[in-house]
Amino acid sequence: MKIEPKDSLPSTAQNSTEIAEFRATLRTVFLDRDGVINRKMPEGQYVTDWHHFELLPGVPRAIAQLNQAGLRVLVVTNQRGIALGLYTAADVDAIHAQLQRILSVSGAHVDGFYLCPHDKAQCNCRKPLPGLFEQAKKQFPKIEPATSVVIGDSLSDIEFGRNLGMHTIFIEGDESHRQHQKPGAHKAADLADLRFPSLPDAVNYLLA
């Protein structure tokens, strides 16, 4: 069941006209990966290879819908496991290449992947810091926060978007997902402009 938007809609939208304007100006969708595109591993565990990557239901079609609407789809993901030596950046690239192949079957694609390989307090690119947005803007100079939305399932995702002035959507996930949420998930849900159970629900709202 889709959760109704909160009162604090993007751009302080309070009526259907403002909601329509938000949708009309949307150009770029930033997606967190684990917990939004694929099932999140239990806290302290990491997706080290494709065998641990479980695509969530409806995600390929949802991304295809964004593509068909002419929206830019970018993935921004913290991958601390690289810094911990559990896998490499090449391993992550291989996962993303396989994801693109799976998405292509549904006529979908991601326009860019941006990852932070660092441990905490070592860089400017670990969400909620702005480095991944800056990397994306170098590749796509027309990206602007005011015409972007970030969709994530953690406090760092929502703070990443809010710090940059983007609209924010929190993904609550199913019961299994909620058992693996990071600390701060409740605060993230309160801070986000909108909340939905899944990426497909969020996309259906954005494209309504």
# chains A, B, ... in the order shown; residues from 1 in each chain; ligands from 1
$ residues_around --residues "A:Tyr114" --least-positions-apart "2" --cutoff "9 Å" --atoms "only C-alpha atoms" --output "list of chain:residue names"
A:Leu74, A:Val75, A:Val76, A:Thr77, A:Asn78, A:Gly112, A:Cys116, A:Leu132, A:Phe133, A:Gln135, A:Ala136
$ write_last_selection --atoms "N, CA, C and O atoms" --output "PDB file, in the first residue's frame"
ATOM      1  N   LEU A  74      20.755   8.250 -11.848  1.00  0.00           N
ATOM      2  CA  LEU A  74      22.117   8.109 -11.357  1.00  0.00           C
ATOM      3  C   LEU A  74      22.116   7.369 -10.026  1.00  0.00           C
ATOM      4  O   LEU A  74      21.252   7.618  -9.179  1.00  0.00           O
ATOM      5  N   VAL A  75      23.081   6.482  -9.843  1.00  0.00           N
ATOM      6  CA  VAL A  75      23.216   5.739  -8.594  1.00  0.00           C
ATOM      7  C   VAL A  75      24.377   6.319  -7.797  1.00  0.00           C
ATOM      8  O   VAL A  75      25.481   6.496  -8.327  1.00  0.00           O
ATOM      9  N   VAL A  76      24.128   6.645  -6.529  1.00  0.00           N
ATOM     10  CA  VAL A  76      25.163   7.155  -5.626  1.00  0.00           C
ATOM     11  C   VAL A  76      25.210   6.234  -4.410  1.00  0.00           C
ATOM     12  O   VAL A  76      24.221   6.079  -3.705  1.00  0.00           O
ATOM     13  N   THR A  77      26.359   5.625  -4.174  1.00  0.00           N
ATOM     14  CA  THR A  77      26.415   4.583  -3.153  1.00  0.00           C
ATOM     15  C   THR A  77      27.704   4.635  -2.348  1.00  0.00           C
ATOM     16  O   THR A  77      28.803   4.758  -2.907  1.00  0.00           O
ATOM     17  N   ASN A  78      27.571   4.570  -1.025  1.00  0.00           N
ATOM     18  CA  ASN A  78      28.727   4.401  -0.138  1.00  0.00           C
ATOM     19  C   ASN A  78      29.131   2.935  -0.153  1.00  0.00           C
ATOM     20  O   ASN A  78      28.288   2.065   0.084  1.00  0.00           O
ATOM     21  N   GLY A 112      24.572   6.659 -14.814  1.00  0.00           N
ATOM     22  CA  GLY A 112      25.881   6.791 -14.190  1.00  0.00           C
ATOM     23  C   GLY A 112      25.894   6.206 -12.796  1.00  0.00           C
ATOM     24  O   GLY A 112      24.890   6.258 -12.075  1.00  0.00           O
ATOM     25  N   CYS A 116      31.533   5.862  -3.286  1.00  0.00           N
ATOM     26  CA  CYS A 116      32.561   6.267  -2.334  1.00  0.00           C
ATOM     27  C   CYS A 116      33.219   5.008  -1.783  1.00  0.00           C
ATOM     28  O   CYS A 116      32.551   4.195  -1.146  1.00  0.00           O
ATOM     29  N   LEU A 132      29.841  12.923  -4.214  1.00  0.00           N
ATOM     30  CA  LEU A 132      29.263  12.123  -5.293  1.00  0.00           C
ATOM     31  C   LEU A 132      28.395  12.986  -6.210  1.00  0.00           C
ATOM     32  O   LEU A 132      28.365  12.769  -7.427  1.00  0.00           O
ATOM     33  N   PHE A 133      27.708  13.957  -5.648  1.00  0.00           N
ATOM     34  CA  PHE A 133      26.954  14.903  -6.471  1.00  0.00           C
ATOM     35  C   PHE A 133      27.902  15.691  -7.362  1.00  0.00           C
ATOM     36  O   PHE A 133      27.629  15.898  -8.560  1.00  0.00           O
ATOM     37  N   GLN A 135      30.813  14.772  -8.458  1.00  0.00           N
ATOM     38  CA  GLN A 135      31.292  13.892  -9.522  1.00  0.00           C
ATOM     39  C   GLN A 135      30.262  13.779 -10.638  1.00  0.00           C
ATOM     40  O   GLN A 135      30.597  13.815 -11.830  1.00  0.00           O
ATOM     41  N   ALA A 136      29.016  13.637 -10.254  1.00  0.00           N
ATOM     42  CA  ALA A 136      27.946  13.513 -11.250  1.00  0.00           C
ATOM     43  C   ALA A 136      27.816  14.794 -12.073  1.00  0.00           C
ATOM     44  O   ALA A 136      27.621  14.741 -13.291  1.00  0.00           O
TER      45      ALA A 136
END
$ closest_residue --among "A:Asp32, A:Glu21, A:Glu144, A:Glu54" --to "A:Leu115" --atoms "only C-alpha atoms"
A:Asp32
$ select_by_dssp --residues "chain A" --states "strand (DSSP E)" --output "MDAnalysis selection string"
chainID A and resid 28:31 72:78 112:116 148:152 167:171 194:196
$ select_by_dssp --residues "stretch 96-170 of chain A" --states "alpha helix (DSSP H)" --output "PyMOL selection string"
chain A and resi 96-105+131-139+155-164
$ residues_around --residues "A:Ile82" --least-positions-apart "4" --cutoff "8 Å" --atoms "only C-alpha atoms" --output "MDAnalysis selection string"
chainID A and resid 86:89 117:118
$ write_last_selection --atoms "N, CA, C and O atoms" --output "PDB file, in the first residue's frame"
ATOM      1  N   LEU A  86      37.164  -5.881   1.931  1.00  0.00           N
ATOM      2  CA  LEU A  86      36.264  -7.014   1.724  1.00  0.00           C
ATOM      3  C   LEU A  86      36.010  -7.281   0.242  1.00  0.00           C
ATOM      4  O   LEU A  86      35.632  -8.386  -0.136  1.00  0.00           O
ATOM      5  N   TYR A  87      36.190  -6.268  -0.579  1.00  0.00           N
ATOM      6  CA  TYR A  87      36.063  -6.393  -2.028  1.00  0.00           C
ATOM      7  C   TYR A  87      36.731  -5.175  -2.637  1.00  0.00           C
ATOM      8  O   TYR A  87      37.201  -4.282  -1.923  1.00  0.00           O
ATOM      9  N   THR A  88      36.790  -5.121  -3.952  1.00  0.00           N
ATOM     10  CA  THR A  88      37.499  -4.043  -4.633  1.00  0.00           C
ATOM     11  C   THR A  88      36.534  -3.180  -5.444  1.00  0.00           C
ATOM     12  O   THR A  88      35.385  -3.552  -5.688  1.00  0.00           O
ATOM     13  N   ALA A  89      37.039  -2.045  -5.889  1.00  0.00           N
ATOM     14  CA  ALA A  89      36.245  -1.194  -6.766  1.00  0.00           C
ATOM     15  C   ALA A  89      35.912  -1.930  -8.059  1.00  0.00           C
ATOM     16  O   ALA A  89      34.822  -1.747  -8.621  1.00  0.00           O
ATOM     17  N   PRO A 117      34.525   4.823  -2.008  1.00  0.00           N
ATOM     18  CA  PRO A 117      35.220   3.635  -1.534  1.00  0.00           C
ATOM     19  C   PRO A 117      35.891   3.806  -0.180  1.00  0.00           C
ATOM     20  O   PRO A 117      36.623   2.915   0.267  1.00  0.00           O
ATOM     21  N   HIS A 118      35.648   4.925   0.475  1.00  0.00           N
ATOM     22  CA  HIS A 118      36.419   5.289   1.657  1.00  0.00           C
ATOM     23  C   HIS A 118      35.736   4.890   2.964  1.00  0.00           C
ATOM     24  O   HIS A 118      34.537   4.644   3.002  1.00  0.00           O
TER      25      HIS A 118
END
$ closest_residue --among "A:Asp153, A:Glu43, A:Asp49, A:Asp193" --to "A:His167" --atoms "only C-alpha atoms"
A:Asp193
$ decode --residues "stretch 81-99 of chain A" --atoms "N, CA, C and O atoms" --output "compact mmCIF listing (two decimals), in the first residue's frame"
# COMPACT_ATOMS: atom_id res chain seq x y z
N GLY A 81 32.95 -1.17 2.29
CA GLY A 81 33.60 -2.48 2.25
C GLY A 81 34.88 -2.49 1.46
O GLY A 81 35.77 -3.33 1.71
N ILE A 82 35.03 -1.56 0.52
CA ILE A 82 36.29 -1.46 -0.23
C ILE A 82 37.40 -1.05 0.71
O ILE A 82 38.49 -1.64 0.71
N ALA A 83 37.15 -0.02 1.52
CA ALA A 83 38.15 0.45 2.48
C ALA A 83 38.50 -0.63 3.51
O ALA A 83 39.63 -0.70 3.99
N LEU A 84 37.51 -1.48 3.81
CA LEU A 84 37.74 -2.56 4.79
C LEU A 84 38.42 -3.77 4.17
O LEU A 84 38.73 -4.74 4.88
N GLY A 85 38.65 -3.73 2.86
CA GLY A 85 39.34 -4.82 2.19
C GLY A 85 38.48 -6.03 1.91
O GLY A 85 39.01 -7.12 1.64
N LEU A 86 37.16 -5.88 1.93
CA LEU A 86 36.26 -7.01 1.72
C LEU A 86 36.01 -7.28 0.24
O LEU A 86 35.63 -8.39 -0.14
N TYR A 87 36.19 -6.27 -0.58
CA TYR A 87 36.06 -6.39 -2.03
C TYR A 87 36.73 -5.17 -2.64
O TYR A 87 37.20 -4.28 -1.92
N THR A 88 36.79 -5.12 -3.95
CA THR A 88 37.50 -4.04 -4.63
C THR A 88 36.53 -3.18 -5.44
O THR A 88 35.39 -3.55 -5.69
N ALA A 89 37.04 -2.05 -5.89
CA ALA A 89 36.25 -1.19 -6.77
C ALA A 89 35.91 -1.93 -8.06
O ALA A 89 34.82 -1.75 -8.62
N ALA A 90 36.83 -2.77 -8.52
CA ALA A 90 36.57 -3.57 -9.73
C ALA A 90 35.41 -4.54 -9.50
O ALA A 90 34.62 -4.80 -10.41
N ASP A 91 35.31 -5.08 -8.29
CA ASP A 91 34.19 -5.96 -7.96
C ASP A 91 32.87 -5.21 -8.05
O ASP A 91 31.87 -5.73 -8.57
N VAL A 92 32.85 -3.97 -7.56
CA VAL A 92 31.63 -3.16 -7.61
C VAL A 92 31.29 -2.84 -9.06
O VAL A 92 30.12 -2.90 -9.47
N ASP A 93 32.31 -2.51 -9.86
CA ASP A 93 32.08 -2.23 -11.28
C ASP A 93 31.47 -3.45 -11.98
O ASP A 93 30.58 -3.30 -12.84
N ALA A 94 31.93 -4.63 -11.61
CA ALA A 94 31.40 -5.86 -12.21
C ALA A 94 29.94 -6.06 -11.83
O ALA A 94 29.13 -6.49 -12.66
N ILE A 95 29.60 -5.77 -10.58
CA ILE A 95 28.21 -5.86 -10.14
C ILE A 95 27.34 -4.90 -10.94
O ILE A 95 26.26 -5.25 -11.43
N HIS A 96 27.83 -3.68 -11.12
CA HIS A 96 27.05 -2.68 -11.84
C HIS A 96 26.92 -3.01 -13.32
O HIS A 96 25.88 -2.73 -13.93
N ALA A 97 27.95 -3.61 -13.89
CA ALA A 97 27.87 -4.03 -15.29
C ALA A 97 26.81 -5.12 -15.46
O ALA A 97 26.03 -5.10 -16.43
N GLN A 98 26.77 -6.06 -14.51
CA GLN A 98 25.76 -7.10 -14.58
C GLN A 98 24.36 -6.53 -14.34
O GLN A 98 23.39 -6.94 -15.00
N LEU A 99 24.26 -5.57 -13.44
CA LEU A 99 22.98 -4.91 -13.21
C LEU A 99 22.49 -4.24 -14.50
O LEU A 99 21.31 -4.35 -14.84
